[in-house]
>>> print(open('upload-v2.cif').read())   # mmCIF, C-alpha atoms
data_final
loop_
_atom_site.label_atom_id
_atom_site.label_comp_id
_atom_site.auth_asym_id
_atom_site.auth_seq_id
_atom_site.Cartn_x
_atom_site.Cartn_y
_atom_site.Cartn_z
CA MET A 117 -8.35 14.62 -21.08
CA ARG A 118 -7.80 12.85 -24.40
CA ARG A 119 -9.31 9.39 -24.55
CA VAL A 120 -6.83 6.81 -25.82
CA ASN A 121 -8.03 4.37 -28.44
CA LYS A 122 -7.06 0.86 -27.32
CA ASN A 123 -6.26 -0.11 -30.89
CA GLU A 124 -4.02 2.91 -31.50
CA ARG A 125 -0.41 1.93 -32.03
CA THR A 126 2.73 4.00 -32.33
CA ARG A 127 6.06 3.05 -33.83
CA VAL A 128 8.77 3.08 -31.16
CA ALA A 129 12.40 3.01 -32.28
CA LEU A 130 15.20 2.68 -29.75
CA THR A 131 18.67 1.34 -29.20
CA LEU A 132 18.73 -1.71 -26.95
CA ASN A 133 22.12 -2.99 -25.88
CA ASP A 134 23.73 -1.33 -28.92
CA ARG A 135 21.12 -2.75 -31.32
CA LYS A 136 18.73 -0.44 -33.15
CA LEU A 137 15.23 -1.90 -32.91
CA ALA A 138 11.70 -0.77 -33.62
CA ALA A 139 8.22 -2.13 -33.03
CA GLU A 140 4.63 -0.97 -32.58
CA ALA A 141 3.27 -0.19 -29.13
CA GLU A 142 -0.01 0.92 -27.62
CA PRO A 143 0.30 4.36 -25.99
CA ARG A 144 0.00 2.97 -22.45
CA MET A 145 2.28 -0.03 -22.89
CA LEU A 146 4.96 -0.24 -20.21
CA LEU A 147 8.55 -0.39 -21.35
CA SER A 148 8.96 -3.78 -19.63
CA ASP A 149 6.04 -5.13 -21.65
CA PHE A 150 7.40 -3.53 -24.83
CA LEU A 151 10.77 -5.18 -24.30
CA ARG A 152 9.20 -8.56 -23.60
CA HIS A 153 6.27 -8.67 -25.99
CA ALA A 154 7.17 -6.40 -28.88
CA LEU A 155 10.93 -6.94 -28.99
CA GLY A 156 11.12 -10.50 -27.62
CA GLU A 157 13.58 -9.71 -24.81
CA HIS A 158 12.89 -12.14 -21.98
CA GLY A 159 14.53 -13.00 -18.69
CA VAL A 160 17.79 -11.22 -19.39
CA CYS A 161 18.38 -9.66 -15.98
CA GLY A 162 17.82 -12.66 -13.70
CA CYS A 163 16.50 -10.52 -10.85
CA CYS A 164 13.19 -12.34 -10.57
CA THR A 165 14.69 -15.81 -10.19
CA VAL A 166 12.79 -18.08 -7.80
CA LEU A 167 13.04 -21.78 -7.07
CA ILE A 168 10.21 -23.89 -8.40
CA ASP A 169 10.43 -27.39 -7.04
CA GLY A 170 14.09 -26.66 -6.30
CA ALA A 171 15.02 -25.45 -9.79
CA ALA A 172 16.05 -21.84 -10.49
CA THR A 173 13.36 -20.32 -12.72
CA ARG A 174 12.76 -16.82 -14.07
CA SER A 175 9.36 -15.82 -12.69
CA CYS A 176 8.94 -13.24 -15.47
CA LEU A 177 8.92 -16.08 -17.98
CA THR A 178 6.66 -18.41 -16.05
CA LEU A 179 2.89 -18.31 -16.02
CA ALA A 180 1.24 -18.63 -12.62
CA VAL A 181 -0.72 -21.66 -13.85
CA GLN A 182 2.58 -23.41 -14.55
CA ALA A 183 3.34 -23.30 -10.83
CA GLU A 184 0.11 -25.10 -9.88
CA GLY A 185 0.93 -27.62 -7.14
CA SER A 186 4.61 -26.64 -7.06
CA ASP A 187 6.84 -25.62 -4.17
CA VAL A 188 7.81 -22.00 -4.96
CA ARG A 189 10.54 -20.31 -2.92
CA THR A 190 11.70 -16.72 -3.01
CA VAL A 191 14.79 -15.18 -1.43
CA GLU A 192 12.83 -14.74 1.80
CA SER A 193 12.91 -18.54 2.23
CA LEU A 194 16.69 -18.69 2.57
CA ALA A 195 17.16 -17.34 6.09
CA ALA A 196 16.15 -19.36 9.14
CA ALA A 197 12.90 -18.53 10.93
CA ASP A 198 14.90 -16.65 13.57
CA GLY A 199 16.47 -14.46 10.87
CA LYS A 200 19.87 -16.18 10.84
CA LEU A 201 21.35 -15.97 7.33
CA ASN A 202 22.19 -19.16 5.50
CA ALA A 203 25.81 -19.82 4.41
CA LEU A 204 25.36 -18.22 0.98
CA GLN A 205 23.70 -15.09 2.37
CA GLN A 206 26.37 -14.78 5.07
CA ALA A 207 29.12 -15.15 2.45
CA PHE A 208 27.51 -12.32 0.45
CA ARG A 209 27.55 -10.18 3.58
CA ASN A 210 31.16 -11.11 4.41
CA ASN A 211 32.36 -10.25 0.90
CA HIS A 212 30.34 -7.06 0.41
CA ALA A 213 28.56 -8.64 -2.55
CA LEU A 214 25.32 -6.76 -1.87
CA GLN A 215 25.87 -3.20 -3.12
CA CYS A 216 22.54 -1.82 -4.43
CA GLY A 217 20.78 -5.17 -3.91
CA PHE A 218 18.80 -5.19 -7.16
CA CYS A 219 20.45 -8.34 -8.51
CA THR A 220 21.05 -10.04 -5.17
CA PRO A 221 17.79 -12.02 -4.77
CA GLY A 222 18.05 -13.59 -8.22
CA ILE A 223 21.73 -14.45 -7.81
CA LEU A 224 21.12 -15.97 -4.38
CA MET A 225 18.32 -18.11 -5.77
CA SER A 226 20.29 -19.21 -8.83
CA PHE A 227 23.25 -20.21 -6.70
CA THR A 228 21.08 -21.96 -4.11
CA ASP A 229 20.03 -24.26 -6.95
CA PHE A 230 23.48 -24.41 -8.58
CA LEU A 231 25.46 -25.12 -5.39
CA GLY A 232 22.95 -27.83 -4.52
CA ARG A 233 23.85 -29.56 -7.78
CA ASN A 234 27.54 -28.55 -7.90
CA PRO A 235 28.86 -27.92 -4.38
CA HIS A 236 32.46 -27.31 -5.49
CA PRO A 237 32.30 -25.17 -8.66
CA THR A 238 35.28 -23.68 -10.43
CA GLU A 239 35.47 -19.93 -10.88
CA GLU A 240 34.69 -20.46 -14.57
CA GLU A 241 31.49 -22.35 -13.66
CA ILE A 242 30.51 -19.60 -11.20
CA ARG A 243 31.02 -16.94 -13.84
CA GLU A 244 29.00 -18.97 -16.36
CA VAL A 245 25.99 -19.00 -14.01
CA LEU A 246 26.53 -15.31 -13.27
CA SER A 247 26.36 -14.54 -16.98
CA GLY A 248 22.58 -14.92 -16.67
CA HIS A 249 22.39 -12.02 -14.22
CA LEU A 250 22.94 -8.31 -14.61
CA CYS A 251 24.77 -6.51 -11.82
CA ARG A 252 25.80 -2.93 -12.43
CA CYS A 253 27.58 -2.25 -9.14
CA THR A 254 30.27 -4.78 -8.38
CA GLY A 255 31.89 -6.15 -11.50
CA TYR A 256 31.07 -9.50 -9.87
CA ALA A 257 34.35 -9.71 -7.87
CA GLY A 258 32.64 -9.70 -4.47
CA ILE A 259 29.90 -11.98 -5.73
CA VAL A 260 32.40 -14.54 -7.06
CA ALA A 261 34.33 -14.39 -3.77
CA ALA A 262 31.10 -14.90 -1.81
CA ILE A 263 30.07 -17.92 -3.85
CA LYS A 264 33.53 -19.44 -3.49
CA GLU A 265 33.32 -18.91 0.29
CA ALA A 266 29.87 -20.48 0.46
CA ALA A 267 31.19 -23.46 -1.52
CA GLY A 268 34.01 -23.85 1.00
CA GLY A 269 36.70 -22.65 -1.39
CA PRO A 270 39.45 -20.07 -0.98
#
>>> encode(input="upload-v2.cif", output="structure tokens")
Amino acid sequence: MRRVNKNERTRVALTLNDRKLAAEAEPRMLLSDFLRHALGEHGVCGCCTVLIDGAATRSCLTLAVQAEGSDVRTVESLAAADGKLNALQQAFRNNHALQCGFCTPGILMSFTDFLGRNPHPTEEEIREVLSGHLCRCTGYAGIVAAIKEAAGGP
């Protein structure tokens, strides 16, 4: 087995979202770390969104020490102790806004915060918040319908 020198670096060139980019990477660097640290891509998918003291926050961009003394909530905090879904979760279920589920936790957390501040958003406002999340399954139609339902709209 070849021993890897920690200081060894390799040039990695790739196309990211139609942009040709290159940077140096250690042989064992994960792609996620390469995207974040070498290329400066941070928090673009929204999947890791949690609530910190009630505010939607990307956990991938937050150091643990920054959460010292804070109230941190993940998607698991949304349902009641008996497992009953909250209104937003139920609306997602009703509107089939869950497809693969990868984006769902982050979107639920972002909209828990957003609907708490803006209980009657327009579709344009909903889509603006959604622009911070990547969903590859739905085209957002079911998600928008679910958020409208949860907000008491048509």
>>> closest_residue(input="upload-v2.cif", among="A:Gly248, A:Ala197, A:Arg125, A:Ala154", to="A:Arg174", atoms="all atoms listed in the file")
A:Gly248
>>> resolve_selection(input="upload-v2.cif", expression="the PyMOL selection byres ((chain A and resi 227) around 9)", output="list of chain:residue names")
A:Ala172, A:Leu204, A:Gly222, A:Ile223, A:Leu224, A:Met225, A:Ser226, A:Thr228, A:Asp229, A:Phe230, A:Leu231, A:Gly232, A:Ile242, A:Val245, A:Leu246, A:Ile263
>>> write_last_selection(input="upload-v2.cif", atoms="C-alpha atoms", output="PDB file, keeping the file's coordinate frame")
ATOM      1  CA  ALA A 172      16.050 -21.840 -10.490  1.00  0.00           C
ATOM      2  CA  LEU A 204      25.360 -18.220   0.980  1.00  0.00           C
ATOM      3  CA  GLY A 222      18.050 -13.590  -8.220  1.00  0.00           C
ATOM      4  CA  ILE A 223      21.730 -14.450  -7.810  1.00  0.00           C
ATOM      5  CA  LEU A 224      21.120 -15.970  -4.380  1.00  0.00           C
ATOM      6  CA  MET A 225      18.320 -18.110  -5.770  1.00  0.00           C
ATOM      7  CA  SER A 226      20.290 -19.210  -8.830  1.00  0.00           C
ATOM      8  CA  THR A 228      21.080 -21.960  -4.110  1.00  0.00           C
ATOM      9  CA  ASP A 229      20.030 -24.260  -6.950  1.00  0.00           C
ATOM     10  CA  PHE A 230      23.480 -24.410  -8.580  1.00  0.00           C
ATOM     11  CA  LEU A 231      25.460 -25.120  -5.390  1.00  0.00           C
ATOM     12  CA  GLY A 232      22.950 -27.830  -4.520  1.00  0.00           C
ATOM     13  CA  ILE A 242      30.510 -19.600 -11.200  1.00  0.00           C
ATOM     14  CA  VAL A 245      25.990 -19.000 -14.010  1.00  0.00           C
ATOM     15  CA  LEU A 246      26.530 -15.310 -13.270  1.00  0.00           C
ATOM     16  CA  ILE A 263      30.070 -17.920  -3.850  1.00  0.00           C
TER      17      ILE A 263
END
>>> resolve_selection(input="upload-v2.cif", expression="the PyMOL selection byres ((chain A and resi 210-220) around 9)", output="PyMOL selection string")
chain A and resi 161-164+191+205-209+221-225+249-254+256-262+265
>>> atom_distance(input="upload-v2.cif", atom1="atom CA of A:Glu124", atom2="atom CA of A:His158")
24.6 Å
>>> atom_distance(input="upload-v2.cif", atom1="atom CA of A:Thr126", atom2="atom CA of A:Ala139")
8.3 Å
